[in-house]
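Structure file structure.txt with compact mmCIF, C-alpha atoms and all ligand atoms:
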# COMPACT_ATOMS: atom_id res chain seq x y z
CA MET A 1 90.27 51.41 53.07
CA GLU A 2 88.29 50.30 56.06
CA LEU A 3 85.08 48.41 55.26
CA PRO A 4 81.92 48.50 57.39
CA GLY A 5 82.03 45.72 59.97
CA THR A 6 85.80 45.93 60.24
CA ALA A 7 86.96 45.99 63.85
CA ILE A 8 90.68 46.30 63.20
CA ALA A 9 92.30 47.63 60.05
CA ALA A 10 96.05 47.98 59.77
CA GLU A 11 97.46 49.37 56.56
CA GLY A 12 101.20 49.30 56.00
CA VAL A 13 101.88 49.53 59.72
CA GLU A 14 105.55 49.78 60.52
CA ARG A 15 107.20 50.21 63.91
CA ARG A 16 110.93 50.67 64.28
CA PHE A 17 113.11 50.78 67.37
CA GLY A 18 116.18 52.60 66.09
CA ASP A 19 117.45 50.49 63.19
CA LEU A 20 115.38 47.46 64.16
CA VAL A 21 112.15 47.02 62.20
CA ALA A 22 109.95 45.22 64.74
CA VAL A 23 106.79 45.42 62.60
CA ASP A 24 107.33 45.68 58.87
CA ARG A 25 104.49 47.14 56.77
CA VAL A 26 101.74 44.86 58.05
CA ASP A 27 98.24 44.88 56.53
CA ILE A 28 95.51 43.22 58.56
CA ALA A 29 91.72 43.47 58.47
CA VAL A 30 89.78 41.83 61.30
CA ARG A 31 86.00 41.63 61.02
CA ALA A 32 83.76 42.53 63.93
CA GLY A 33 82.98 39.36 65.89
CA GLU A 34 86.02 37.49 64.65
CA ILE A 35 88.74 35.80 66.73
CA TYR A 36 91.98 36.63 64.99
CA GLY A 37 95.01 34.64 66.12
CA PHE A 38 98.33 36.39 65.61
CA LEU A 39 100.95 33.68 65.65
CA GLY A 40 104.72 33.92 65.56
CA PRO A 41 107.91 32.90 67.35
CA ASN A 42 109.70 34.90 70.07
CA GLY A 43 110.62 38.39 68.98
CA ALA A 44 108.56 38.22 65.75
CA GLY A 45 106.75 41.50 66.48
CA LYS A 46 103.47 40.29 67.99
CA SER A 47 103.56 42.43 71.13
CA THR A 48 104.76 45.45 69.21
CA LEU A 49 101.84 45.33 66.76
CA THR A 50 99.42 44.71 69.63
CA ARG A 51 100.78 47.77 71.43
CA VAL A 52 100.41 49.87 68.31
CA LEU A 53 96.80 48.74 67.88
CA CYS A 54 96.05 49.46 71.55
CA THR A 55 97.56 52.95 71.25
CA LEU A 56 100.42 52.16 73.64
CA LEU A 57 103.01 52.70 70.88
CA ARG A 58 102.78 54.99 67.89
CA PRO A 59 103.42 53.43 64.48
CA THR A 60 106.53 54.77 62.76
CA SER A 61 104.53 54.74 59.53
CA GLY A 62 101.30 53.34 58.13
CA ARG A 63 97.84 53.69 59.57
CA ALA A 64 95.56 51.64 61.79
CA THR A 65 91.99 51.99 62.95
CA VAL A 66 90.40 50.04 65.77
CA ALA A 67 86.64 50.13 66.43
CA GLY A 68 86.41 52.79 63.74
CA HIS A 69 88.98 55.21 65.18
CA ASP A 70 92.54 56.00 64.22
CA VAL A 71 95.04 54.69 66.78
CA ALA A 72 97.38 57.65 66.30
CA THR A 73 95.01 60.60 66.01
CA GLU A 74 92.01 59.34 68.03
CA ALA A 75 93.77 57.33 70.70
CA ASP A 76 91.28 58.30 73.45
CA GLN A 77 88.35 57.05 71.36
CA VAL A 78 90.16 53.78 70.72
CA ARG A 79 91.03 53.29 74.40
CA LEU A 80 87.38 53.57 75.42
CA ARG A 81 86.47 50.78 73.03
CA VAL A 82 89.24 48.26 73.60
CA GLY A 83 90.10 45.94 76.44
CA VAL A 84 93.73 44.98 76.82
CA ALA A 85 95.34 42.11 78.73
CA LEU A 86 99.06 42.24 78.09
CA GLN A 87 101.75 39.69 78.93
CA GLU A 88 102.92 41.45 82.07
CA ALA A 89 99.69 42.06 83.94
CA ALA A 90 99.99 45.19 86.08
CA LEU A 91 98.36 43.67 89.14
CA ASP A 92 98.88 44.91 92.68
CA ASP A 93 99.52 41.91 94.93
CA ARG A 94 98.37 43.83 98.04
CA GLN A 95 94.89 44.58 96.72
CA THR A 96 92.00 42.17 96.47
CA GLY A 97 90.56 41.27 93.09
CA ALA A 98 87.34 43.12 94.00
CA GLU A 99 89.28 46.29 94.88
CA MET A 100 91.15 46.21 91.60
CA LEU A 101 87.93 45.77 89.62
CA ALA A 102 86.27 48.66 91.51
CA LEU A 103 89.27 50.88 90.81
CA GLN A 104 89.16 49.98 87.13
CA GLY A 105 85.42 50.82 87.05
CA ARG A 106 86.13 54.28 88.53
CA PHE A 107 88.94 54.76 86.04
CA TYR A 108 86.42 54.33 83.22
CA GLY A 109 83.96 56.68 84.93
CA LEU A 110 81.44 54.05 86.04
CA THR A 111 79.39 54.87 89.14
CA ARG A 112 79.79 52.67 92.21
CA ALA A 113 76.44 50.97 91.48
CA ALA A 114 77.30 50.46 87.82
CA THR A 115 80.68 49.00 88.77
CA ARG A 116 79.03 46.62 91.26
CA ALA A 117 76.58 45.45 88.61
CA ARG A 118 79.37 45.04 86.08
CA VAL A 119 81.55 43.06 88.49
CA ALA A 120 78.61 40.72 89.12
CA GLU A 121 78.28 40.19 85.34
CA LEU A 122 81.99 39.66 84.99
CA THR A 123 82.13 36.99 87.64
CA ASP A 124 79.68 35.06 85.49
CA LEU A 125 81.76 35.60 82.38
CA VAL A 126 85.20 35.07 83.88
CA ASP A 127 85.50 32.41 86.52
CA ILE A 128 87.03 34.32 89.43
CA GLY A 129 84.09 34.41 91.85
CA SER A 130 85.30 33.00 95.13
CA ALA A 131 88.77 34.54 94.92
CA LEU A 132 87.63 38.14 94.52
CA GLY A 133 87.79 38.91 98.23
CA ARG A 134 91.37 37.68 98.55
CA ARG A 135 94.59 39.58 97.96
CA VAL A 136 95.97 39.13 94.45
CA GLY A 137 99.28 37.95 95.92
CA THR A 138 97.60 34.67 96.90
CA TYR A 139 96.35 33.92 93.36
CA SER A 140 97.74 31.22 91.09
CA GLY A 141 99.13 32.16 87.66
CA GLY A 142 95.85 31.15 86.00
CA MET A 143 93.77 33.20 88.47
CA LYS A 144 95.91 36.26 87.82
CA ARG A 145 95.37 35.91 84.08
CA ARG A 146 91.62 35.62 84.61
CA LEU A 147 91.55 38.66 86.89
CA ASP A 148 93.52 40.56 84.27
CA LEU A 149 90.99 39.43 81.67
CA ALA A 150 88.13 40.63 83.90
CA LEU A 151 89.89 43.99 84.35
CA ALA A 152 90.13 44.32 80.58
CA LEU A 153 86.37 43.76 80.33
CA VAL A 154 85.06 46.19 82.98
CA HIS A 155 84.07 48.86 80.45
CA ASP A 156 82.47 46.36 78.06
CA PRO A 157 84.92 46.83 75.17
CA GLU A 158 84.11 46.11 71.53
CA VAL A 159 87.53 44.69 70.83
CA LEU A 160 89.62 42.60 73.20
CA PHE A 161 93.39 42.35 72.82
CA LEU A 162 95.04 39.40 74.51
CA ASP A 163 98.81 39.21 74.35
CA GLU A 164 99.93 35.60 74.89
CA PRO A 165 97.16 34.94 77.42
CA THR A 166 98.30 31.44 78.32
CA THR A 167 102.10 31.56 78.10
CA GLY A 168 103.54 29.74 81.10
CA LEU A 169 100.20 28.35 82.33
CA ASP A 170 99.56 24.71 83.11
CA PRO A 171 97.23 22.83 80.70
CA VAL A 172 94.17 23.08 82.98
CA SER A 173 94.49 26.86 83.40
CA ARG A 174 95.13 27.19 79.70
CA SER A 175 91.97 25.39 78.68
CA ARG A 176 89.95 27.50 81.15
CA ILE A 177 91.23 30.68 79.51
CA TRP A 178 90.35 29.21 76.11
CA GLU A 179 86.80 28.60 77.33
CA GLU A 180 86.50 32.18 78.58
CA VAL A 181 87.72 33.58 75.27
CA ARG A 182 85.25 31.45 73.31
CA ARG A 183 82.43 32.47 75.60
CA LEU A 184 83.19 36.19 75.28
CA ASN A 185 83.27 35.84 71.55
CA LYS A 186 80.16 33.67 71.17
CA GLU A 187 77.91 35.19 73.84
CA LEU A 188 78.86 38.83 73.46
CA GLY A 189 80.08 38.85 69.87
CA MET A 190 83.30 40.44 71.05
CA THR A 191 86.10 40.77 68.53
CA VAL A 192 89.27 39.17 69.88
CA PHE A 193 92.81 39.83 68.70
CA LEU A 194 94.99 37.23 70.33
CA THR A 195 98.73 36.81 70.03
CA THR A 196 100.28 33.47 70.72
CA GLN A 197 103.45 31.44 70.27
CA TYR A 198 101.43 28.25 70.49
CA LEU A 199 100.34 26.68 67.24
CA GLU A 200 97.63 24.63 68.90
CA GLU A 201 96.22 27.71 70.62
CA ALA A 202 95.93 29.60 67.34
CA ASP A 203 94.46 26.53 65.68
CA GLU A 204 91.99 25.86 68.48
CA LEU A 205 90.62 29.36 69.01
CA SER A 206 90.98 31.41 65.85
CA ASP A 207 88.54 31.98 63.02
CA ARG A 208 91.53 33.27 61.10
CA VAL A 209 95.24 33.21 61.76
CA GLY A 210 97.94 35.65 60.72
CA ILE A 211 101.49 34.36 60.95
CA ILE A 212 104.22 36.91 61.61
CA ASN A 213 107.94 36.32 61.31
CA ARG A 214 110.63 38.98 61.70
CA GLY A 215 108.03 41.70 61.58
CA ARG A 216 106.38 40.55 58.36
CA LEU A 217 103.01 38.92 57.89
CA VAL A 218 103.97 35.73 56.04
CA ALA A 219 100.65 33.86 55.86
CA GLU A 220 97.01 34.52 56.65
CA GLY A 221 93.76 32.58 56.43
CA THR A 222 91.53 30.19 58.32
CA PRO A 223 93.58 27.44 59.99
CA GLU A 224 91.92 24.92 57.67
CA SER A 225 92.63 26.81 54.46
CA LEU A 226 96.25 27.43 55.47
CA LYS A 227 96.76 23.76 56.20
CA ARG A 228 94.97 22.68 53.02
CA ALA A 229 97.26 24.89 50.96
CA ILE A 230 100.23 22.88 52.21
CA GLY A 231 98.98 19.61 50.78
CA THR A 232 96.64 16.92 51.92
CA ASP A 233 99.14 14.95 53.99
CA VAL A 234 102.57 15.40 55.48
CA VAL A 235 105.22 12.70 55.71
CA VAL A 236 107.95 13.38 58.23
CA VAL A 237 111.20 11.55 57.60
CA ARG A 238 114.15 11.64 59.95
CA VAL A 239 117.36 10.59 58.19
CA GLU A 240 121.01 10.12 59.00
CA GLY A 241 123.61 10.83 56.34
CA PRO A 242 123.64 13.33 53.47
CA VAL A 243 120.36 15.19 53.95
CA GLU A 244 120.56 17.10 50.68
CA ASP A 245 120.87 13.82 48.72
CA ALA A 246 117.87 12.46 50.63
CA ARG A 247 115.90 15.61 49.86
CA ARG A 248 116.69 15.35 46.14
CA ALA A 249 115.63 11.70 46.01
CA VAL A 250 112.32 12.44 47.69
CA ARG A 251 111.72 15.58 45.62
CA SER A 252 112.07 13.59 42.39
CA LEU A 253 108.98 11.48 43.16
CA ASP A 254 105.78 12.46 41.32
CA VAL A 255 103.60 12.24 44.42
CA VAL A 256 105.71 14.82 46.27
CA ARG A 257 104.59 18.44 46.16
CA ARG A 258 107.16 20.04 48.41
CA VAL A 259 110.05 19.16 50.73
CA ASP A 260 111.31 21.32 53.61
CA THR A 261 114.40 20.31 55.52
CA SER A 262 115.37 21.22 59.05
CA GLY A 263 118.43 19.46 60.48
CA GLY A 264 118.05 15.78 59.61
CA THR A 265 114.29 15.99 59.24
CA LEU A 266 112.47 16.19 55.92
CA THR A 267 108.90 17.46 56.02
CA VAL A 268 107.30 16.26 52.81
CA SER A 269 103.95 17.51 51.49
CA VAL A 270 102.10 14.95 49.43
CA SER A 271 98.62 14.76 47.97
CA ASP A 272 98.03 11.17 49.09
CA GLY A 273 100.04 10.11 52.14
CA PRO A 274 99.42 6.36 52.32
CA SER A 275 100.37 5.81 48.68
CA ALA A 276 103.48 8.02 48.98
CA ILE A 277 105.11 6.19 51.85
CA SER A 278 106.44 3.12 50.14
CA PRO A 279 107.90 4.87 47.03
CA MET A 280 109.54 7.30 49.42
CA ALA A 281 111.08 4.54 51.52
CA VAL A 282 112.33 2.79 48.36
CA ALA A 283 113.80 6.01 46.93
CA LEU A 284 115.62 6.75 50.20
CA SER A 285 116.96 3.21 50.50
CA ARG A 286 118.76 3.77 47.19
CA VAL A 287 120.61 6.91 48.34
CA PRO A 288 124.18 6.02 49.35
CA GLY A 289 124.95 6.78 52.99
CA VAL A 290 121.36 7.64 53.96
CA THR A 291 119.57 5.67 56.65
CA VAL A 292 115.96 6.34 57.58
CA GLN A 293 115.51 6.66 61.36
CA GLU A 294 111.82 7.39 61.34
CA LEU A 295 109.09 7.83 58.76
CA SER A 296 105.61 8.91 59.81
CA LEU A 297 102.45 10.24 58.24
CA ARG A 298 100.35 13.02 59.75
CA ARG A 299 97.86 15.74 58.85
CA PRO A 300 99.38 19.17 58.14
CA SER A 301 99.64 21.54 61.11
CA LEU A 302 100.18 25.27 61.39
CA GLU A 303 103.81 24.40 62.08
CA ASP A 304 103.98 23.14 58.49
CA VAL A 305 102.35 26.36 57.30
CA PHE A 306 104.97 28.36 59.20
CA LEU A 307 107.79 26.23 57.86
CA SER A 308 106.52 26.54 54.32
CA ALA A 309 106.07 30.33 54.60
CA THR A 310 109.42 31.06 56.26
CA GLY A 311 111.70 28.08 55.66
CA GLU A 312 112.17 27.92 59.46
CA ARG A 313 110.62 26.02 62.32
CA MET A 314 108.70 27.82 65.05
CA ALA A 315 111.42 26.64 67.44
CA GLY A 316 109.72 24.17 69.68
CA ARG A 317 106.74 26.09 71.04
CA ARG A 318 104.44 23.13 71.33
CA LEU A 319 101.95 22.71 74.11
CA ASP A 320 102.37 18.94 74.33
CA ALA A 321 106.13 19.43 74.80
CA GLU A 322 105.54 22.04 77.50
CA ALA A 323 102.94 19.95 79.25
CA SER A 324 105.27 16.98 79.48
CA ARG A 325 108.04 19.24 80.82
CA GLY A 326 105.65 20.83 83.30
CA ALA A 327 104.57 24.41 82.56
CA GLU A 328 106.60 27.09 84.24
CA GLY A 329 105.16 29.90 86.37
CA GLY A 330 101.95 30.07 88.36
CA ARG A 331 100.74 27.58 90.94
CA PRO A 332 98.08 25.15 89.80
CA ASP A 333 94.61 26.67 90.04
CA THR A 334 93.32 24.03 92.36
CA GLU A 335 95.63 25.26 95.13
CA ALA A 336 94.28 28.75 95.12
CA SER A 337 90.63 28.62 94.14
N1 LIG B 1 110.91 48.97 73.45
C1 LIG B 1 111.73 48.33 72.63
N2 LIG B 1 112.95 48.81 72.31
C2 LIG B 1 113.76 48.19 71.45
N3 LIG B 1 113.47 47.01 70.85
C3 LIG B 1 112.27 46.47 71.11
C4 LIG B 1 111.33 47.09 72.00
N4 LIG B 1 110.22 46.32 72.06
C5 LIG B 1 110.45 45.27 71.25
N5 LIG B 1 111.66 45.35 70.67
C6 LIG B 1 112.23 44.41 69.69
O1 LIG B 1 111.31 44.29 68.63
C7 LIG B 1 111.26 42.94 68.16
C8 LIG B 1 109.85 42.43 68.26
O2 LIG B 1 109.52 42.28 69.65
P1 LIG B 1 108.08 41.85 70.17
O3 LIG B 1 108.11 41.93 71.64
O4 LIG B 1 107.05 42.62 69.45
O5 LIG B 1 108.03 40.34 69.69
P2 LIG B 1 107.00 39.22 70.12
O6 LIG B 1 106.64 38.52 68.85
O7 LIG B 1 105.92 39.79 70.91
O8 LIG B 1 107.91 38.26 71.00
P3 LIG B 1 107.55 37.44 72.34
O9 LIG B 1 106.79 36.26 71.88
O10 LIG B 1 108.91 37.08 72.85
O11 LIG B 1 106.81 38.36 73.22
C9 LIG B 1 112.25 42.16 69.01
O12 LIG B 1 113.46 42.10 68.29
C10 LIG B 1 112.40 43.00 70.26
O13 LIG B 1 113.67 42.82 70.83

Since I need it in another form, could you write the structure as structure tokens?
Amino acid sequence: MELPGTAIAAEGVERRFGDLVAVDRVDIAVRAGEIYGFLGPNGAGKSTLTRVLCTLLRPTSGRATVAGHDVATEADQVRLRVGVALQEAALDDRQTGAEMLALQGRFYGLTRAATRARVAELTDLVDIGSALGRRVGTYSGGMKRRLDLALALVHDPEVLFLDEPTTGLDPVSRSRIWEEVRRLNKELGMTVFLTTQYLEEADELSDRVGIINRGRLVAEGTPESLKRAIGTDVVVVRVEGPVEDARRAVRSLDVVRRVDTSGGTLTVSVSDGPSAISPMAVALSRVPGVTVQELSLRRPSLEDVFLSATGERMAGRRLDAEASRGAEGGRPDTEAS
């Protein structure tokens, strides 16, 4: 049951599309004032759960309350209290940012004066100031996201839903959005429910993370506690040859807590990395046909948490990889602002 101070409570929420179970009996409780990162690969069910919580989709079964109201039976009450910035922002390229904000204010029943005052506040909160008088069609990808964020905030919501707010943005625009989200949370105490495919984003922003895979919540906790549960250190070994034999050899060592394999890569959880490396190298050198291509030590990441919870990798959604490839979509902010 919902506890006082709970901003979002999902109990056994399921959403099907025909035979496909997009969200499979998910339980989540988000405290007021918390940033909850909802992390998962493509098609895991993040957007679907977000839409259920924002009243845009009805759950097939289960129950959810947001800001104290039931999403199915009190949808109007929920809508007044939530701000929503979805992946496909419904922005009109022919209007100016200021016009869109004014329209949104009227939509929520604010007077002209109240809307003006609110827009002035928002331009402090969300960095869109100088672009407001220009048509949205001239905005960069990052500016559009920030305008969409401002639109979601016009009615001063208690809970903000952000669905993949930085997907496709360049690193500079991404870190600006991160700053905005932190500021909204810290200065206004706003609860934020944020979906992301980026491990670093979830790690960076969230007080707690829920990891979803194929509709099911597979892990939940603070980023630190999730990583700690994996082991103190992670040794990544890339091998050529019979991977299963390599895995067995590594697994037999006392220092090793867990081994996950993906292709020719072994991800090995150990309690003490530096002292595990040389026994591991020796053990692998004795396995016929196995050659070690690379052996490195690192701290556990949410990727390791995902791998350990699902047996699969998150399939390459890493910001550093995207940055080096050049992020797709949206012109750099500097061109437009
Ligand atoms: N309206 C719909 N009709 C049928 N299937 C749908 C619909 N919306 C989503 N799905 C399916 O439900 C599953 C979950 O999709 P969802 O969009 O929630 O995933 P996601 O985690 O948000 O993925 P992404 O990161 O790609 O946005 C997918 O298999 C998707 O194809």

Exercise answer, 12 Å around ligand LIG 1 (chain B) with all atoms listed in the file, as JSON, numbers by chain
{"A": [14, 15, 16, 17, 18, 19, 20, 21, 22, 23, 24, 38, 39, 40, 41, 42, 43, 44, 45, 46, 47, 48, 49, 50, 51, 52, 56, 57, 58, 86, 87, 88, 162, 163, 164, 165, 166, 167, 168, 194, 195, 196, 197, 198, 211, 212, 213, 214, 215, 216, 217, 314, 315, 317]}

Write out as CSV a residue-level contact list of stretch 172-232 of chain A versus stretch 135-147 of chain A with cut-off 8 Å: for each qualifying residue the closest pair of atoms and the distance in Å to one decimal, counting all atoms listed in the file, rows sorted by chain and residue number upward.
residue,atom,partner,partner_atom,distance
A:Ser173,CA,A:Gly142,CA,5.2
A:Arg174,CA,A:Gly142,CA,7.5
A:Ile177,CA,A:Arg146,CA,7.1

Just the number, please: distance in Å from atom CA of A:Asp272 to atom CA of A:Val256, one decimal.
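So the two atoms, atom CA of A:Asp272 and atom CA of A:Val256, lie 9.0 Å apart.
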
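Minimum distance to A:Ser285 across A:Ser301, A:Glu240, A:Arg208, A:Leu266 (counting only C-alpha atoms) occurs at A:Glu240.
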
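Interatomic distance, atom CA of A:Leu295 against atom CA of A:Thr265: 9.7 Å.
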
Nearest to A:Gly189, chosen from A:Val13, A:Val71, A:Val270, A:Ala7, with all atoms listed in the file counted in the distances
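Checking each of A:Val13, A:Val71, A:Val270, A:Ala7 against A:Gly189, counting all atoms listed in the file, the winner is A:Ala7.
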
Could you please determine the separation between atom CA of A:Thr6 and atom CA of A:Glu200 in Å, to one decimal place?
25.9 Å

Using all atoms listed in the file, which protein or nucleic acid residues come within 10 Å of A:Val119? Drop anything in the same chain fewer than 3 positions from it, and give the result as a ChimeraX atom specification.
/A:98,101-102,105,113-116,122-126,129,132,150-151,153-154

For A:Val66, which residue out of A:Thr191, A:Thr232, A:Thr291, A:Ser275 is the nearest one, using all atoms listed in the file?
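The answer is A:Thr191, which sits nearest to A:Val66.
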
With 4 Å of padding per side, what axis-aligned box (centre and edge lengths, Å, one decimal) covers all the listed atoms of stretch 154-172 of chain A? Give it as JSON.
{"center_x": 93.0, "center_y": 35.8, "center_z": 77.0, "size_x": 29.1, "size_y": 34.0, "size_z": 20.3}

Calculated over all atoms listed in the file, which of the candidates A:Glu303, A:Val287, A:Gly231, A:Arg134 has the smallest distance to A:Gln95?
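Going through A:Glu303, A:Val287, A:Gly231, A:Arg134 one by one, the smallest distance to A:Gln95 is for A:Arg134.
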